[in-house]
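Q: Please find final12.cif (mmCIF, C-alpha atoms) on the next line:
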```
data_query
#
loop_
_atom_site.label_atom_id
_atom_site.label_comp_id
_atom_site.auth_asym_id
_atom_site.auth_seq_id
_atom_site.Cartn_x
_atom_site.Cartn_y
_atom_site.Cartn_z
CA MET X 217 0.00 0.00 0.00
CA ILE X 218 1.19 3.51 -0.77
CA ASP X 219 2.32 5.51 2.27
CA PHE X 220 0.37 8.75 2.72
CA ALA X 221 2.89 10.71 4.82
CA GLY X 222 6.18 8.78 4.46
CA LEU X 223 7.15 9.01 8.13
CA LYS X 224 8.89 5.64 8.34
CA GLU X 225 10.75 6.25 5.08
CA ASP X 226 12.01 9.58 6.36
CA TYR X 227 13.36 8.00 9.54
CA LEU X 228 15.08 5.18 7.66
CA ALA X 229 16.61 7.60 5.13
CA HIS X 230 18.21 9.64 7.92
CA LYS X 231 18.49 6.95 10.60
CA GLU X 232 22.16 7.47 11.39
CA VAL X 233 21.97 11.20 12.17
CA LEU X 234 18.60 10.94 13.90
CA ASP X 235 19.68 8.03 16.10
CA SER X 236 22.87 9.88 16.96
CA ALA X 237 20.87 12.95 18.04
CA ILE X 238 18.49 10.84 20.12
CA PHE X 239 21.22 8.91 21.91
CA SER X 240 23.16 12.09 22.54
CA VAL X 241 20.21 13.41 24.54
CA LEU X 242 19.74 10.08 26.33
CA ASN X 243 23.39 10.01 27.32
CA SER X 244 23.27 13.62 28.53
CA GLY X 245 20.47 12.97 31.00
CA ASN X 246 19.00 16.43 30.19
CA PHE X 247 15.47 15.86 28.94
CA ILE X 248 13.55 19.09 29.58
CA MET X 249 14.53 22.44 28.01
CA GLY X 250 18.30 23.01 28.19
CA GLU X 251 20.88 23.37 25.43
CA GLU X 252 19.07 21.30 22.78
CA VAL X 253 15.99 23.51 23.03
CA SER X 254 17.86 26.83 23.07
CA SER X 255 20.01 25.66 20.14
CA LEU X 256 16.91 24.74 18.11
CA GLU X 257 15.28 28.08 18.89
CA ALA X 258 18.38 29.86 17.58
CA GLU X 259 18.32 27.84 14.34
CA LEU X 260 14.59 28.41 13.84
CA LYS X 261 15.13 32.13 14.34
CA LYS X 262 17.89 32.13 11.73
CA TYR X 263 15.71 30.19 9.28
CA ILE X 264 12.55 32.30 9.57
CA PHE X 265 13.75 35.86 10.13
CA ASP X 266 15.89 37.30 7.34
CA ASP X 267 17.52 39.84 9.62
CA ASN X 268 17.71 37.41 12.57
CA GLN X 269 15.93 40.07 14.63
CA GLY X 270 12.85 38.13 15.73
CA PHE X 271 12.19 35.88 18.69
CA VAL X 272 11.34 32.17 18.83
CA ILE X 273 9.84 30.28 21.75
CA THR X 274 9.32 26.53 21.37
CA CYS X 275 6.48 24.78 23.14
CA SER X 276 4.76 21.42 23.52
CA ASN X 277 2.51 21.52 20.42
CA GLY X 278 0.83 23.74 17.87
CA THR X 279 -2.39 23.98 19.85
CA SER X 280 -0.69 25.31 22.98
CA ALA X 281 1.25 27.68 20.72
CA LEU X 282 -2.06 29.27 19.69
CA TYR X 283 -3.21 29.40 23.31
CA LEU X 284 0.01 31.12 24.38
CA ALA X 285 -0.26 33.61 21.52
CA LEU X 286 -3.78 34.61 22.53
CA ARG X 287 -2.81 34.84 26.20
CA ALA X 288 0.19 37.01 25.36
CA LEU X 289 -2.17 39.49 23.72
CA ASP X 290 -4.46 39.46 26.77
CA ILE X 291 -7.38 38.22 24.70
CA LYS X 292 -10.14 37.17 27.06
CA GLU X 293 -13.88 36.92 27.70
CA GLY X 294 -15.85 39.55 25.83
CA ASP X 295 -13.25 39.89 23.06
CA GLU X 296 -13.67 38.78 19.46
CA VAL X 297 -11.13 37.20 17.11
CA ILE X 298 -11.78 36.96 13.37
CA THR X 299 -10.67 33.67 11.84
CA SER X 300 -11.26 31.19 9.03
CA SER X 301 -14.34 28.98 8.89
CA PHE X 302 -12.30 26.20 7.26
CA SER X 303 -9.38 24.85 9.27
CA PHE X 304 -8.34 22.31 11.86
CA PHE X 305 -10.43 22.66 15.04
CA ALA X 306 -7.60 24.09 17.17
CA SER X 307 -7.55 27.39 15.25
CA ALA X 308 -10.92 28.39 16.72
CA GLU X 309 -10.84 26.11 19.77
CA MET X 310 -8.11 28.16 21.45
CA ILE X 311 -10.02 31.40 20.85
CA ALA X 312 -12.95 29.90 22.75
CA LEU X 313 -10.71 28.42 25.43
CA VAL X 314 -9.42 31.86 26.47
CA GLY X 315 -13.04 33.02 26.68
CA ALA X 316 -13.18 35.04 23.46
CA LYS X 317 -15.65 34.68 20.59
CA PRO X 318 -14.53 33.30 17.22
CA ILE X 319 -15.92 35.36 14.34
CA PHE X 320 -15.83 33.11 11.31
CA VAL X 321 -15.08 34.23 7.76
CA ASP X 322 -15.76 32.34 4.55
CA ILE X 323 -12.79 31.25 2.45
CA ASP X 324 -11.47 31.87 -1.03
CA LEU X 325 -11.58 28.60 -2.97
CA LYS X 326 -8.43 29.43 -4.89
CA ASP X 327 -6.23 28.79 -1.82
CA PHE X 328 -8.67 27.73 0.95
CA ASN X 329 -7.55 30.64 3.12
CA LEU X 330 -9.90 33.24 4.58
CA ASN X 331 -11.45 35.74 2.18
CA ILE X 332 -9.79 39.05 2.98
CA ASP X 333 -12.54 41.11 1.31
CA LEU X 334 -15.01 39.99 3.99
CA ILE X 335 -12.95 40.97 7.03
CA SER X 336 -13.42 44.73 7.39
CA SER X 337 -17.21 44.48 7.77
CA LEU X 338 -16.74 42.09 10.71
CA ILE X 339 -14.47 44.33 12.79
CA THR X 340 -16.20 45.77 15.87
CA PRO X 341 -15.00 47.56 19.03
CA ARG X 342 -14.70 44.08 20.57
CA THR X 343 -12.33 42.77 17.88
CA LYS X 344 -8.87 42.23 19.31
CA ALA X 345 -7.16 40.18 16.59
CA ILE X 346 -7.34 38.56 13.19
CA LEU X 347 -6.15 34.95 13.24
CA GLY X 348 -5.22 34.02 9.69
CA VAL X 349 -4.66 30.35 8.89
CA SER X 350 -2.04 29.43 6.28
CA LEU X 351 -3.67 26.23 5.10
CA PHE X 352 -2.18 23.22 3.32
CA GLY X 353 1.30 24.75 3.04
CA GLN X 354 0.48 28.10 1.39
CA ALA X 355 0.70 31.33 3.36
CA CYS X 356 -2.43 33.43 3.67
CA GLU X 357 -2.28 37.05 2.45
CA LEU X 358 -0.17 38.14 5.40
CA PHE X 359 0.82 41.59 4.22
CA ARG X 360 -2.75 42.63 3.37
CA LEU X 361 -4.01 41.14 6.63
CA LYS X 362 -1.36 43.07 8.54
CA GLN X 363 -2.44 46.30 6.87
CA ILE X 364 -6.08 45.71 7.84
CA ALA X 365 -5.19 44.71 11.40
CA HIS X 366 -2.90 47.62 12.12
CA ALA X 367 -5.24 50.15 10.47
CA ASN X 368 -7.82 49.06 13.03
CA ASN X 369 -5.38 48.87 15.96
CA ILE X 370 -5.76 45.12 16.36
CA ALA X 371 -3.20 42.31 16.28
CA LEU X 372 -2.47 39.81 13.53
CA ILE X 373 -1.84 36.18 14.46
CA GLU X 374 -0.76 33.65 11.84
CA ASP X 375 -1.65 30.01 12.42
CA GLY X 376 1.19 28.53 10.40
CA ALA X 377 0.81 24.96 11.65
CA GLN X 378 0.97 23.76 8.02
CA SER X 379 3.16 26.43 6.45
CA PHE X 380 6.62 26.31 8.02
CA GLY X 381 9.01 27.13 5.17
CA ALA X 382 6.37 28.66 2.88
CA GLN X 383 7.13 32.07 1.38
CA ILE X 384 5.22 35.15 0.23
CA PHE X 385 6.51 38.05 -1.90
CA CYS X 386 5.68 41.51 -0.63
CA GLN X 387 7.47 44.84 -0.22
CA ASP X 388 9.93 43.88 -2.98
CA LYS X 389 11.25 40.68 -1.41
CA TRP X 390 10.37 37.18 -0.32
CA HIS X 391 9.33 36.66 3.29
CA LYS X 392 8.95 33.39 5.17
CA SER X 393 5.62 32.43 6.61
CA LEU X 394 5.77 33.01 10.41
CA SER X 395 7.86 36.19 10.02
CA LEU X 396 5.27 38.88 9.26
CA ALA X 397 2.49 38.72 11.86
CA ASP X 398 2.60 40.16 15.38
CA ILE X 399 2.62 36.56 16.60
CA SER X 400 2.90 33.41 14.46
CA THR X 401 2.57 29.81 15.54
CA THR X 402 3.49 26.48 14.04
CA SER X 403 3.24 22.77 14.76
CA PHE X 404 5.89 20.05 14.57
CA PHE X 405 3.37 17.19 14.58
CA PRO X 406 5.05 14.22 12.85
CA ALA X 407 3.10 14.54 9.59
CA LYS X 408 3.96 18.23 9.09
CA PRO X 409 6.64 19.11 6.51
CA LEU X 410 8.98 19.70 9.48
CA GLY X 411 7.82 17.19 12.05
CA CYS X 412 9.30 15.60 15.13
CA PHE X 413 8.69 12.14 16.61
CA GLY X 414 5.88 13.25 18.89
CA ASP X 415 4.32 16.62 19.57
CA GLY X 416 6.02 19.99 19.33
CA GLY X 417 5.34 23.58 18.41
CA ALA X 418 6.84 27.06 18.27
CA ILE X 419 5.87 30.71 18.44
CA PHE X 420 7.50 33.51 16.42
CA THR X 421 7.27 37.25 17.07
CA PRO X 422 9.21 40.41 16.21
CA HIS X 423 8.25 41.88 19.61
CA GLU X 424 10.56 41.30 22.58
CA HIS X 425 7.93 42.02 25.23
CA ILE X 426 5.59 39.43 23.70
CA ALA X 427 8.41 36.87 23.52
CA LYS X 428 9.21 37.37 27.21
CA ARG X 429 5.56 36.97 28.20
CA ILE X 430 5.19 33.75 26.20
CA ALA X 431 8.45 32.32 27.57
CA SER X 432 7.05 32.88 31.05
CA LEU X 433 3.54 31.58 30.33
CA ARG X 434 4.85 28.29 28.91
CA ILE X 435 6.46 27.48 32.31
CA HIS X 436 3.52 28.21 34.62
CA ALA X 437 4.23 31.97 34.34
CA GLN X 438 7.31 31.38 36.45
CA ASN X 439 9.89 34.18 36.19
CA LYS X 440 11.77 33.01 39.25
CA ARG X 441 11.78 29.44 40.57
CA TYR X 442 8.53 28.81 42.49
CA HIS X 443 7.43 32.44 42.03
CA HIS X 444 4.37 32.87 39.79
CA ASP X 445 2.97 36.27 38.81
CA GLU X 446 -0.05 34.97 36.89
CA ILE X 447 -1.68 31.73 35.71
CA GLY X 448 0.30 29.93 33.02
CA ILE X 449 0.59 26.38 31.69
CA SER X 450 3.21 23.68 31.24
CA SER X 451 4.06 23.74 27.54
CA ARG X 452 7.75 22.98 27.18
CA LEU X 453 9.33 21.23 24.21
CA ASP X 454 11.39 18.30 25.42
CA ALA X 455 15.05 17.93 24.50
CA LEU X 456 14.56 14.73 22.48
CA GLN X 457 12.12 16.41 20.10
CA ALA X 458 14.36 19.47 19.87
CA ALA X 459 17.35 17.32 18.90
CA ILE X 460 15.31 15.52 16.24
CA LEU X 461 14.00 18.78 14.80
CA HIS X 462 17.49 20.26 14.75
CA GLN X 463 18.67 17.42 12.52
CA LYS X 464 15.58 17.48 10.30
CA LEU X 465 15.91 21.22 9.79
CA SER X 466 19.34 20.63 8.24
CA TYR X 467 17.80 18.78 5.27
CA PHE X 468 14.37 20.44 5.34
CA ASP X 469 14.80 22.53 2.16
CA GLU X 470 15.74 19.42 0.20
CA MET X 471 12.53 17.73 1.37
CA ILE X 472 10.46 20.74 0.32
CA GLU X 473 11.99 20.64 -3.14
CA LYS X 474 10.90 17.02 -3.43
CA ARG X 475 7.38 17.80 -2.20
CA ASN X 476 7.14 20.54 -4.83
CA ALA X 477 8.32 18.15 -7.53
CA ILE X 478 5.56 15.71 -6.58
CA ALA X 479 3.00 18.51 -6.55
CA LYS X 480 4.18 19.56 -10.03
CA HIS X 481 3.62 16.00 -11.25
CA TYR X 482 0.06 16.03 -9.92
CA LEU X 483 -0.62 19.45 -11.45
CA THR X 484 0.72 18.35 -14.83
CA THR X 485 -0.98 14.96 -15.05
CA LEU X 486 -4.37 15.77 -13.50
CA GLY X 487 -4.94 19.11 -15.19
CA HIS X 488 -7.00 17.64 -18.03
CA ILE X 489 -9.65 16.09 -15.76
CA GLU X 490 -12.59 18.48 -15.72
CA SER X 491 -14.12 16.88 -12.63
CA VAL X 492 -11.06 17.76 -10.55
CA LYS X 493 -10.09 21.25 -9.45
CA LEU X 494 -6.41 21.46 -8.58
CA PRO X 495 -4.85 23.71 -5.92
CA ASN X 496 -3.82 27.15 -7.12
CA ILE X 497 -0.47 28.53 -5.98
CA SER X 498 -0.36 32.29 -6.48
CA SER X 499 2.65 33.64 -8.38
CA HIS X 500 3.70 35.65 -5.31
CA LYS X 501 3.76 32.57 -3.07
CA LYS X 502 5.84 29.43 -2.61
CA SER X 503 4.06 26.47 -0.99
CA VAL X 504 5.54 23.66 1.08
CA PHE X 505 2.57 21.41 0.17
CA ALA X 506 1.74 20.15 3.62
CA GLN X 507 -1.19 18.63 1.76
CA PHE X 508 -2.08 18.27 -1.89
CA SER X 509 -5.81 18.84 -1.72
CA ILE X 510 -8.11 18.71 -4.74
CA LEU X 511 -11.79 19.52 -5.14
CA ALA X 512 -13.30 16.42 -6.69
CA GLN X 513 -16.75 15.71 -8.04
CA LYS X 514 -18.18 12.49 -6.56
CA ARG X 515 -15.56 12.85 -3.84
CA ASP X 516 -16.74 10.03 -1.60
CA ALA X 517 -17.01 7.56 -4.47
CA LEU X 518 -13.52 8.54 -5.67
CA GLN X 519 -12.10 8.05 -2.19
CA ALA X 520 -13.64 4.57 -1.96
CA PHE X 521 -12.35 3.71 -5.45
CA LEU X 522 -8.81 4.76 -4.56
CA LYS X 523 -8.96 2.87 -1.27
CA ASP X 524 -9.82 -0.32 -3.15
CA ARG X 525 -6.67 0.26 -5.21
CA GLY X 526 -4.49 0.67 -2.12
CA ILE X 527 -4.25 4.46 -2.38
CA PRO X 528 -4.78 6.31 0.93
CA THR X 529 -6.47 9.70 0.96
CA ALA X 530 -7.81 12.07 3.62
CA ILE X 531 -10.56 14.65 3.94
CA HIS X 532 -9.30 17.97 5.32
CA TYR X 533 -11.94 18.88 6.61
CA PRO X 534 -15.39 17.24 6.51
CA ILE X 535 -17.16 19.75 8.80
CA ILE X 536 -16.61 23.50 8.72
CA LEU X 537 -15.85 25.14 12.06
CA PRO X 538 -19.12 27.10 12.47
CA LYS X 539 -21.05 23.83 12.07
CA GLN X 540 -19.09 21.94 14.73
CA LYS X 541 -21.29 21.00 17.68
CA ALA X 542 -18.79 22.63 20.03
CA PHE X 543 -19.61 26.02 18.48
CA SER X 544 -23.39 25.61 18.37
CA TYR X 545 -23.67 28.12 21.24
CA LEU X 546 -22.55 30.88 18.85
CA LYS X 547 -25.72 30.46 16.79
CA THR X 548 -23.83 31.67 13.72
CA LYS X 549 -26.23 32.66 10.94
CA GLU X 550 -23.80 33.77 8.24
CA ASN X 551 -23.40 31.81 5.03
CA PHE X 552 -20.12 30.01 4.41
CA ASP X 553 -20.83 28.75 0.92
CA ASN X 554 -17.22 28.30 -0.17
CA ALA X 555 -16.19 26.57 3.05
CA ILE X 556 -19.17 24.22 2.84
CA TYR X 557 -18.40 23.46 -0.81
CA ALA X 558 -14.81 22.69 0.11
CA SER X 559 -15.83 20.39 2.96
CA GLN X 560 -18.10 18.43 0.62
CA ASN X 561 -15.61 18.06 -2.23
CA ILE X 562 -12.08 18.23 -0.83
CA LEU X 563 -9.75 15.25 -0.97
CA SER X 564 -6.07 15.16 0.00
CA LEU X 565 -3.81 12.89 -2.05
CA PRO X 566 -0.60 11.24 -0.81
CA ILE X 567 2.32 13.66 -0.79
CA ASN X 568 5.69 13.06 0.79
CA PRO X 569 9.30 13.17 -0.45
CA TYR X 570 9.51 9.39 -0.77
CA LEU X 571 6.76 8.68 -3.30
CA SER X 572 8.24 6.98 -6.35
CA ILE X 573 7.44 7.98 -9.91
CA ASN X 574 5.67 4.64 -10.38
CA GLU X 575 3.49 5.31 -7.33
CA LEU X 576 2.66 8.77 -8.62
CA ARG X 577 1.74 7.41 -12.04
CA TYR X 578 -0.43 4.76 -10.40
CA ILE X 579 -2.27 7.39 -8.33
CA THR X 580 -2.92 9.75 -11.26
CA GLN X 581 -3.84 6.91 -13.61
CA SER X 582 -6.30 5.58 -11.03
CA ILE X 583 -7.97 8.99 -10.74
CA GLY X 584 -8.16 9.14 -14.52
CA ASP X 585 -9.69 5.66 -14.61
CA PHE X 586 -12.37 6.69 -12.12
CA TYR X 587 -13.53 9.64 -14.19
CA GLY X 588 -13.06 7.66 -17.39
#
```
Starting from the file, lay out its structure as C-alpha cells.

A:
Amino acid sequence: MIDFAGLKEDYLAHKEVLDSAIFSVLNSGNFIMGEEVSSLEAELKKYIFDDNQGFVITCSNGTSALYLALRALDIKEGDEVITSSFSFFASAEMIALVGAKPIFVDIDLKDFNLNIDLISSLITPRTKAILGVSLFGQACELFRLKQIAHANNIALIEDGAQSFGAQIFCQDKWHKSLSLADISTTSFFPAKPLGCFGDGGAIFTPHEHIAKRIASLRIHAQNKRYHHDEIGISSRLDALQAAILHQKLSYFDEMIEKRNAIAKHYLTTLGHIESVKLPNISSHKKSVFAQFSILAQKRDALQAFLKDRGIPTAIHYPIILPKQKAFSYLKTKENFDNAIYASQNILSLPINPYLSINELRYITQSIGDFYG
C-alpha cells in the first residue's frame, strides 16, 4: 500500500543522524529544556527571520502555541477574534478556550484561506485580533491582513501549523511564513513538513515584550523558581524532540523541493480532468505542500475507489468550524458557501518526499480511470 505521509521512510533515510541525536540526549540525562531547546530556537530564528531580529519560543505543540499567543495578547472573555471557517479545530478552539468569541469568515476557494474582502465588515469595538490560517502549506495574504489589522489597531496572528518554510513576496522581497504577523505559531506534529517524533510547536514574534511573556507563560508563568505572577501552563518542548528537529531542519529545504516536484507531477498529469479542481499557488507565493488537496466531483465515491486500489487519501476537513457541535452556542447565521463546498468536495492525495514515480503514475492513472 502507498504511504500517505512517508514518516517511516524519512526515519530510515536519515536513521544514522537521527539516532545519533536521540542517543546524545539520552546520554546527557538532560530531557527538559536546556541546550538542545535553546540551540533549536536559535536555528529556527535564523531560518525564519531574514535579519535574525525576531524571537522564537518553542512549546509542547501547535495547539498550545495558539493558546500562548492569545494569552500574550491578553485576549479574554468579551473579546472577538476573526478567523477562518475552514481549518483544523484548534484554530478556533483556542479562541474559545481563552473566553473570546470566534468570528468566522468564509474562504477563497483558490487557496482555501480566509477571504480578505469579507474581514473589514466584521471588525467591531470588541475585535482584538485577526487569526489568519495558512492552510495546506500556502501562506495566507499576510501583508494585506497586517495592513487591515494595524489600520484598526488590532493584532495579527498567523496560524502557520501547516506552512513552516512557505514564502510570500511583498514589499519587494520574499518573506517566510511566520515572520510577518505580530505573533505566528506552528506545529511540529510528525506529519507536518517539518515534524518531530511526537508533539512539538513554536511561536515567532518580532516583539521582545511578547516573547518574554510567552516564555514565562509556557512554564507556569514562572519568572523566578517557584514564584508565579499569573496563571500559566506547562508547555515545554522536550530535548529529544528538539534534537530531532534540529537534525531534520538541516535537510528540510531538500525535502520541500521534493514535495514541490511531486506537486508539479500532480498538477501536470491531472490538469486535463474536468471533474477535478487542482490547488492554485499564487505567483507571489511558494508552498511547502503540507497537503495536496483537490476539489473532486463524486468525492466520496472517488475516495472509496482509490482505497480499493491501495491508495490512501484524507478529507481535510469534513465539517466546517461554524457547524461543529462545540460552536453551536454561537448560533452563527452567516453563510459560508465556499467553506461548505470545500468540505463536501475536498480530498487530499498522498504527498511526501519518498513517493516513487511509479506510485505517482499509479495514483494519477487511477484517478483518470475513475472519471473515465

Q: Work out how far CA of Ala459 in chain X is from CA of Ala229 in chain X, in Å to one decimal.

A: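 Interatomic distance, CA of Ala229 in chain X to CA of Ala459 in chain X: 16.9 Å.
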
Q: Between CA of Lys344 in chain X and CA of Ile370 in chain X, what is the distance in Å, rounded to a tenth?

A: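 Taking CA of Lys344 in chain X as the start and CA of Ile370 in chain X as the end point, the length is 5.2 Å.
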
Q: Decode the PyMOL selection byres ((chain X and resi 310) around 8) for the given file into explicit residues and return them as a list in words.

A: Thr279, Leu282, Tyr283, Leu286, Ala306, Ser307, Ala308, Glu309, Ile311, Ala312, Leu313 and Val314 of chain X

Q: Take the PyMOL selection byres ((chain X and resi 487-500) around 7), run it mentally on this structure, and tell me the resulting residues as an NGL selection string.

A: :X and (326-327 or 384-385 or 483-486 or 501 or 509-513)

Q: Export C-alpha atoms of the chosen residues as a compact mmCIF listing (two decimals), in the coordinates of the input?

A:
```
# COMPACT_ATOMS: atom_id res chain seq x y z
CA LYS X 326 -8.43 29.43 -4.89
CA ASP X 327 -6.23 28.79 -1.82
CA ILE X 384 5.22 35.15 0.23
CA PHE X 385 6.51 38.05 -1.90
CA LEU X 483 -0.62 19.45 -11.45
CA THR X 484 0.72 18.35 -14.83
CA THR X 485 -0.98 14.96 -15.05
CA LEU X 486 -4.37 15.77 -13.50
CA LYS X 501 3.76 32.57 -3.07
CA SER X 509 -5.81 18.84 -1.72
CA ILE X 510 -8.11 18.71 -4.74
CA LEU X 511 -11.79 19.52 -5.14
CA ALA X 512 -13.30 16.42 -6.69
CA GLN X 513 -16.75 15.71 -8.04
```

Q: Given the choices X:Asp415, X:Glu550, X:Asp295, X:Glu575, which gets closest to Leu461 in chain X if the distance is worked out from all atoms listed in the file?

A: X:Asp415

Q: Find the residue from X:Ser379, X:Ser559, X:Asn551, X:Ser400 that sits nearest to Ser503 in chain X; use all atoms listed in the file when measuring.

A: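 Nearest to Ser503 in chain X: X:Ser379.
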
Q: Tell me which of X:Gln269, X:Thr548, X:Gln387, X:Thr529 sits closest to Thr421 in chain X, counting only C-alpha atoms.

A: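 Looking at the shortest contact to Thr421 in chain X, the residue is X:Gln269.
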
Q: Decode the PyMOL selection byres ((chain X and resi 467) around 12) for the given file into explicit residues and return them as a PyMOL selection string.

A: chain X and resi 226+229-230+233-234+409-410+460-466+468-474+569

Q: Go ahead and write the residues just picked, C-alpha atoms, as a PDB file, in the coordinates of the input.

A:
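Saved result, selection_16.pdb, follows:
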```pdb
ATOM      1  CA  ASP X 226      12.010   9.580   6.360  1.00  0.00           C
ATOM      2  CA  ALA X 229      16.610   7.600   5.130  1.00  0.00           C
ATOM      3  CA  HIS X 230      18.210   9.640   7.920  1.00  0.00           C
ATOM      4  CA  VAL X 233      21.970  11.200  12.170  1.00  0.00           C
ATOM      5  CA  LEU X 234      18.600  10.940  13.900  1.00  0.00           C
ATOM      6  CA  PRO X 409       6.640  19.110   6.510  1.00  0.00           C
ATOM      7  CA  LEU X 410       8.980  19.700   9.480  1.00  0.00           C
ATOM      8  CA  ILE X 460      15.310  15.520  16.240  1.00  0.00           C
ATOM      9  CA  LEU X 461      14.000  18.780  14.800  1.00  0.00           C
ATOM     10  CA  HIS X 462      17.490  20.260  14.750  1.00  0.00           C
ATOM     11  CA  GLN X 463      18.670  17.420  12.520  1.00  0.00           C
ATOM     12  CA  LYS X 464      15.580  17.480  10.300  1.00  0.00           C
ATOM     13  CA  LEU X 465      15.910  21.220   9.790  1.00  0.00           C
ATOM     14  CA  SER X 466      19.340  20.630   8.240  1.00  0.00           C
ATOM     15  CA  PHE X 468      14.370  20.440   5.340  1.00  0.00           C
ATOM     16  CA  ASP X 469      14.800  22.530   2.160  1.00  0.00           C
ATOM     17  CA  GLU X 470      15.740  19.420   0.200  1.00  0.00           C
ATOM     18  CA  MET X 471      12.530  17.730   1.370  1.00  0.00           C
ATOM     19  CA  ILE X 472      10.460  20.740   0.320  1.00  0.00           C
ATOM     20  CA  GLU X 473      11.990  20.640  -3.140  1.00  0.00           C
ATOM     21  CA  LYS X 474      10.900  17.020  -3.430  1.00  0.00           C
ATOM     22  CA  PRO X 569       9.300  13.170  -0.450  1.00  0.00           C
TER      23      PRO X 569
END
```

Q: Of the candidates X:Arg342, X:Arg360, X:Lys262, X:Arg452, which one gets nearest to Arg434 in chain X if we count all atoms listed in the file?

A: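 For Arg434 in chain X, the nearest of the candidates is X:Arg452.
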
Q: Please return, as number ranges by chain, all polymer residues that have at least one atom within 9 Å of the point (-8.6, 41.2, 3.8); use all atoms listed in the file and the file's own coordinate frame.

A: X: 330-336, 357, 360-364

Q: Those same residues - C-alpha atoms - I'd like them written as a PDB file, in the frame of the given file.

A:
```pdb
ATOM      1  CA  LEU X 330      -9.900  33.240   4.580  1.00  0.00           C
ATOM      2  CA  ASN X 331     -11.450  35.740   2.180  1.00  0.00           C
ATOM      3  CA  ILE X 332      -9.790  39.050   2.980  1.00  0.00           C
ATOM      4  CA  ASP X 333     -12.540  41.110   1.310  1.00  0.00           C
ATOM      5  CA  LEU X 334     -15.010  39.990   3.990  1.00  0.00           C
ATOM      6  CA  ILE X 335     -12.950  40.970   7.030  1.00  0.00           C
ATOM      7  CA  SER X 336     -13.420  44.730   7.390  1.00  0.00           C
ATOM      8  CA  GLU X 357      -2.280  37.050   2.450  1.00  0.00           C
ATOM      9  CA  ARG X 360      -2.750  42.630   3.370  1.00  0.00           C
ATOM     10  CA  LEU X 361      -4.010  41.140   6.630  1.00  0.00           C
ATOM     11  CA  LYS X 362      -1.360  43.070   8.540  1.00  0.00           C
ATOM     12  CA  GLN X 363      -2.440  46.300   6.870  1.00  0.00           C
ATOM     13  CA  ILE X 364      -6.080  45.710   7.840  1.00  0.00           C
TER      14      ILE X 364
END
```

Q: I'd like the interatomic distance between CA of Ala506 in chain X and CA of Ala427 in chain X, to a tenth of an Å.

A: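 It comes out at 26.8 Å.
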
Q: When you count all atoms listed in the file, which of these residues is closest to Phe220 in chain X: X:Ile273, X:Ile248, X:Leu565, X:Leu576?

A: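 Checking each candidate against Phe220 in chain X, we get X:Leu565 as the closest.
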
Q: Which of these residues is nearest to Asp553 in chain X, using only C-alpha atoms: X:Tyr578, X:Tyr263, X:Phe302, X:Phe271?

A: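 Selected residue with least distance to Asp553 in chain X: X:Phe302.
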
Q: Which residues, written as a VMD selection string, have at least one atom at most 10 Å from Ala437 in chain X, with only C-alpha atoms counted and residues fewer than 6 positions away on the same chain left out?

A: chain X and resid 429 to 431 443 to 450

Q: How about saving the chosen residues, C-alpha atoms kept, as a PDB file, in the frame of the given file?

A:
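Dumped everything to selection_33.pdb:
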```pdb
ATOM      1  CA  ARG X 429       5.560  36.970  28.200  1.00  0.00           C
ATOM      2  CA  ILE X 430       5.190  33.750  26.200  1.00  0.00           C
ATOM      3  CA  ALA X 431       8.450  32.320  27.570  1.00  0.00           C
ATOM      4  CA  HIS X 443       7.430  32.440  42.030  1.00  0.00           C
ATOM      5  CA  HIS X 444       4.370  32.870  39.790  1.00  0.00           C
ATOM      6  CA  ASP X 445       2.970  36.270  38.810  1.00  0.00           C
ATOM      7  CA  GLU X 446      -0.050  34.970  36.890  1.00  0.00           C
ATOM      8  CA  ILE X 447      -1.680  31.730  35.710  1.00  0.00           C
ATOM      9  CA  GLY X 448       0.300  29.930  33.020  1.00  0.00           C
ATOM     10  CA  ILE X 449       0.590  26.380  31.690  1.00  0.00           C
ATOM     11  CA  SER X 450       3.210  23.680  31.240  1.00  0.00           C
TER      12      SER X 450
END
```

Q: Within 6 Å of (-9.1, 34.9, 16.7) (file coordinates; only C-alpha atoms), which protein or nucleic acid residues are there? I'd like them as a ChimeraX atom specification.

A: /X:297-299,311,318,345-347
